[in-house]
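Heads up: the structure comes next, in structure tokens.
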Amino acid sequence: MNYWLMKSEPDVFSFDDLKKRPKKTEPWNGVRNYQARNFMRDEMQVGDHILFYHSSCEVPGVYGIAKVGSKPYPDSTQFDPKSEYYDSKSTQDNPRWFLVDVTYEMDLDHHVSLEELKKHKKLEEMRLLQRGNRLSILPVTREEFDYIKKLGLS
DNA sequence: GCCAACGTTGGC
DNA sequence: GCCAACGTTGGC
């Protein structure tokens, strides 16, 4: 079992949006970074737990808990010329981009802001908090995951 | 294979 | 809107 942090801009797709989806599930399309893709394609397993993080917004931070809802499969938007995620170098036989479904798991009592995360010594080695990090999908340790979840419950 | 130019991310 | 960090592209 692995643990992850996945970023989303809430103006585009928020944790609330995920809850409102049919089956509370959303294909995580549009990732066009190889490292992030590799995490989804090679390392994620159904049932892995996810910290759902809002970025590029007024209060960046963790807003809920989700889980991996499917095995990896090709991101259909890469084949669609009308999609902003279209990739002309991808073919059905040799897709370049893979995704997993993300499924709602549980609410937190309150969000845990980036500012809050930075205050905790136990979290100072989190990849999210390392300088220059821009990956939209990051592994977290079980300890980090549990600690942050606890911060969001009270 | 190097590296300059360019584009994107994301906090502030 | 700024800008640091870093990934990607493409000429050579």
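Each chain in the structure tokens gets a letter, A, B and so on, in the order shown; residues start at 1 in every chain, and ligands are counted from 1 in the order they appear.
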Notebook entry, point to check: Please, which residues of chain A, numbered as in this document, come out strand (DSSP E or B) from DSSP, as a PyMOL selection string?
Noted result: chain A and resi 3-8+25-27+49-54+61-68+73-74+98-99+101-106+112-113+137-140
Store the residues of this selection in a file with N, CA and C atoms, as a tab-separated table (two decimals), in the first residue's frame.
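Full text of result02.tsv as output:
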```
chain	number	residue	atom	x	y	z
A	3	TYR	N	1.11	5.69	-0.46
A	3	TYR	CA	0.41	6.92	-0.10
A	3	TYR	C	0.89	8.04	-1.01
A	4	TRP	N	-0.04	8.93	-1.37
A	4	TRP	CA	0.24	9.95	-2.38
A	4	TRP	C	-0.36	11.29	-1.99
A	5	LEU	N	0.21	12.32	-2.61
A	5	LEU	CA	-0.42	13.64	-2.57
A	5	LEU	C	-0.66	14.03	-4.02
A	6	MET	N	-1.89	14.44	-4.32
A	6	MET	CA	-2.22	14.85	-5.68
A	6	MET	C	-2.77	16.26	-5.67
A	7	LYS	N	-2.17	17.10	-6.53
A	7	LYS	CA	-2.54	18.51	-6.57
A	7	LYS	C	-3.62	18.74	-7.62
A	8	SER	N	-4.49	19.67	-7.30
A	8	SER	CA	-5.47	20.12	-8.28
A	8	SER	C	-5.77	21.58	-8.01
A	25	THR	N	-16.06	9.61	-8.43
A	25	THR	CA	-14.82	9.15	-9.08
A	25	THR	C	-14.53	10.00	-10.30
A	26	GLU	N	-13.25	10.27	-10.50
A	26	GLU	CA	-12.84	11.10	-11.64
A	26	GLU	C	-11.55	10.54	-12.26
A	27	PRO	N	-11.53	10.37	-13.58
A	27	PRO	CA	-10.25	10.01	-14.23
A	27	PRO	C	-9.29	11.18	-14.13
A	49	HIS	N	-4.00	5.37	-0.72
A	49	HIS	CA	-4.64	6.56	-0.16
A	49	HIS	C	-3.99	7.84	-0.68
A	50	ILE	N	-4.81	8.87	-0.82
A	50	ILE	CA	-4.37	10.12	-1.46
A	50	ILE	C	-4.77	11.32	-0.62
A	51	LEU	N	-3.79	12.20	-0.40
A	51	LEU	CA	-4.10	13.53	0.14
A	51	LEU	C	-4.48	14.42	-1.05
A	52	PHE	N	-5.68	14.95	-1.01
A	52	PHE	CA	-6.17	15.78	-2.12
A	52	PHE	C	-5.81	17.23	-1.82
A	53	TYR	N	-4.89	17.77	-2.62
A	53	TYR	CA	-4.27	19.06	-2.34
A	53	TYR	C	-4.76	20.11	-3.33
A	54	HIS	N	-5.13	21.28	-2.81
A	54	HIS	CA	-5.51	22.41	-3.67
A	54	HIS	C	-4.31	23.34	-3.84
A	61	GLY	N	-3.44	23.84	0.29
A	61	GLY	CA	-3.36	22.86	1.36
A	61	GLY	C	-4.13	21.59	1.04
A	62	VAL	N	-4.17	20.71	2.03
A	62	VAL	CA	-4.86	19.43	1.88
A	62	VAL	C	-6.32	19.60	2.26
A	63	TYR	N	-7.22	19.22	1.36
A	63	TYR	CA	-8.65	19.47	1.57
A	63	TYR	C	-9.48	18.21	1.72
A	64	GLY	N	-8.87	17.03	1.60
A	64	GLY	CA	-9.67	15.82	1.76
A	64	GLY	C	-8.84	14.59	1.49
A	65	ILE	N	-9.48	13.45	1.69
A	65	ILE	CA	-8.81	12.17	1.48
A	65	ILE	C	-9.51	11.43	0.35
A	66	ALA	N	-8.71	10.93	-0.57
A	66	ALA	CA	-9.24	10.15	-1.69
A	66	ALA	C	-8.45	8.85	-1.78
A	67	LYS	N	-8.81	8.05	-2.77
A	67	LYS	CA	-8.05	6.81	-2.96
A	67	LYS	C	-7.96	6.49	-4.44
A	68	VAL	N	-7.03	5.64	-4.77
A	68	VAL	CA	-6.88	5.21	-6.16
A	68	VAL	C	-8.03	4.25	-6.49
A	73	TYR	N	-4.65	3.21	-16.91
A	73	TYR	CA	-5.09	3.00	-18.30
A	73	TYR	C	-4.82	4.28	-19.08
A	74	PRO	N	-4.81	4.20	-20.42
A	74	PRO	CA	-4.44	5.38	-21.21
A	74	PRO	C	-5.41	6.54	-21.00
A	98	PHE	N	-0.74	7.88	-19.25
A	98	PHE	CA	-1.62	6.99	-18.49
A	98	PHE	C	-2.17	7.72	-17.27
A	99	LEU	N	-3.30	7.23	-16.78
A	99	LEU	CA	-3.90	7.83	-15.59
A	99	LEU	C	-4.54	6.74	-14.74
A	101	ASP	N	-8.12	6.34	-12.00
A	101	ASP	CA	-9.29	7.01	-11.44
A	101	ASP	C	-9.00	7.37	-9.99
A	102	VAL	N	-9.50	8.55	-9.60
A	102	VAL	CA	-9.40	8.98	-8.21
A	102	VAL	C	-10.80	8.98	-7.61
A	103	THR	N	-10.94	8.37	-6.45
A	103	THR	CA	-12.25	8.20	-5.82
A	103	THR	C	-12.25	8.83	-4.43
A	104	TYR	N	-13.33	9.54	-4.16
A	104	TYR	CA	-13.51	10.12	-2.82
A	104	TYR	C	-13.40	9.04	-1.74
A	105	GLU	N	-12.72	9.37	-0.66
A	105	GLU	CA	-12.69	8.44	0.46
A	105	GLU	C	-13.34	9.02	1.71
A	106	MET	N	-12.84	10.16	2.17
A	106	MET	CA	-13.47	10.75	3.36
A	106	MET	C	-13.16	12.24	3.47
A	112	VAL	N	-6.06	21.37	5.91
A	112	VAL	CA	-4.73	21.56	6.53
A	112	VAL	C	-3.91	22.37	5.53
A	113	SER	N	-3.68	23.63	5.87
A	113	SER	CA	-3.05	24.54	4.92
A	113	SER	C	-1.56	24.26	4.77
A	137	ILE	N	1.99	15.15	-8.68
A	137	ILE	CA	1.74	13.93	-7.94
A	137	ILE	C	3.01	13.57	-7.18
A	138	LEU	N	2.88	13.39	-5.88
A	138	LEU	CA	4.06	13.13	-5.06
A	138	LEU	C	3.78	11.98	-4.10
A	139	PRO	N	4.77	11.12	-3.90
A	139	PRO	CA	4.62	10.11	-2.86
A	139	PRO	C	4.74	10.75	-1.48
A	140	VAL	N	3.98	10.25	-0.53
A	140	VAL	CA	4.17	10.62	0.87
A	140	VAL	C	4.37	9.33	1.66
```
Next item on the list: For chain C, work out the contacting residues on chain A at 8 Å, counting only C-alpha atoms (C1' of nucleotides), and write them as a PyMOL selection string.
Entry: chain A and resi 132-134
Please dump the current selection as a PDB file, in the first residue's frame; keep N, CA and C atoms.
```
ATOM      1  N   GLY A 132      11.643  24.013  -4.770  1.00  0.00           N
ATOM      2  CA  GLY A 132      11.586  23.837  -6.203  1.00  0.00           C
ATOM      3  C   GLY A 132      10.669  22.739  -6.679  1.00  0.00           C
ATOM      4  N   ASN A 133      10.013  22.090  -5.744  1.00  0.00           N
ATOM      5  CA  ASN A 133       9.144  21.004  -6.162  1.00  0.00           C
ATOM      6  C   ASN A 133       7.909  21.506  -6.892  1.00  0.00           C
ATOM      7  N   ARG A 134       7.659  20.911  -8.061  1.00  0.00           N
ATOM      8  CA  ARG A 134       6.480  21.321  -8.809  1.00  0.00           C
ATOM      9  C   ARG A 134       5.653  20.142  -9.278  1.00  0.00           C
TER      10      ARG A 134
END
```
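Residues of segment 42-80 of chain A assigned to helix (DSSP H, G or I) by DSSP on this structure's backbone: A:Asp42, A:Glu43, A:Ser76, A:Thr77, A:Gln78, A:Phe79.
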Those residues with N, CA, C and O atoms, as a PDB file, in the first residue's frame please?
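Writing done, so here's again_33.pdb:
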```pdb
ATOM      1  N   ASP A  42       3.147   3.127 -12.954  1.00  0.00           N
ATOM      2  CA  ASP A  42       4.033   2.060 -12.482  1.00  0.00           C
ATOM      3  C   ASP A  42       3.893   1.746 -10.993  1.00  0.00           C
ATOM      4  O   ASP A  42       4.287   0.673 -10.558  1.00  0.00           O
ATOM      5  N   GLU A  43       3.408   2.683 -10.231  1.00  0.00           N
ATOM      6  CA  GLU A  43       3.471   2.483  -8.781  1.00  0.00           C
ATOM      7  C   GLU A  43       2.136   2.501  -8.064  1.00  0.00           C
ATOM      8  O   GLU A  43       2.028   1.993  -6.954  1.00  0.00           O
ATOM      9  N   SER A  76      -7.591   9.210 -22.251  1.00  0.00           N
ATOM     10  CA  SER A  76      -8.251   9.352 -23.554  1.00  0.00           C
ATOM     11  C   SER A  76      -8.072  10.750 -24.147  1.00  0.00           C
ATOM     12  O   SER A  76      -8.159  10.918 -25.361  1.00  0.00           O
ATOM     13  N   THR A  77      -7.812  11.740 -23.310  1.00  0.00           N
ATOM     14  CA  THR A  77      -7.692  13.102 -23.852  1.00  0.00           C
ATOM     15  C   THR A  77      -6.483  13.263 -24.766  1.00  0.00           C
ATOM     16  O   THR A  77      -6.451  14.156 -25.594  1.00  0.00           O
ATOM     17  N   GLN A  78      -5.512  12.368 -24.649  1.00  0.00           N
ATOM     18  CA  GLN A  78      -4.329  12.496 -25.511  1.00  0.00           C
ATOM     19  C   GLN A  78      -4.649  12.203 -26.976  1.00  0.00           C
ATOM     20  O   GLN A  78      -3.905  12.605 -27.875  1.00  0.00           O
ATOM     21  N   PHE A  79      -5.755  11.494 -27.236  1.00  0.00           N
ATOM     22  CA  PHE A  79      -6.122  11.130 -28.606  1.00  0.00           C
ATOM     23  C   PHE A  79      -7.100  12.110 -29.228  1.00  0.00           C
ATOM     24  O   PHE A  79      -7.460  11.980 -30.395  1.00  0.00           O
TER      25      PHE A  79
END
```
Margin query: If I take atom CA of Pro10 of chain A and atom CA of Pro60 of chain A, how far is one from the other in Å, to one decimal?
Written below: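 It comes out at 9.5 Å.
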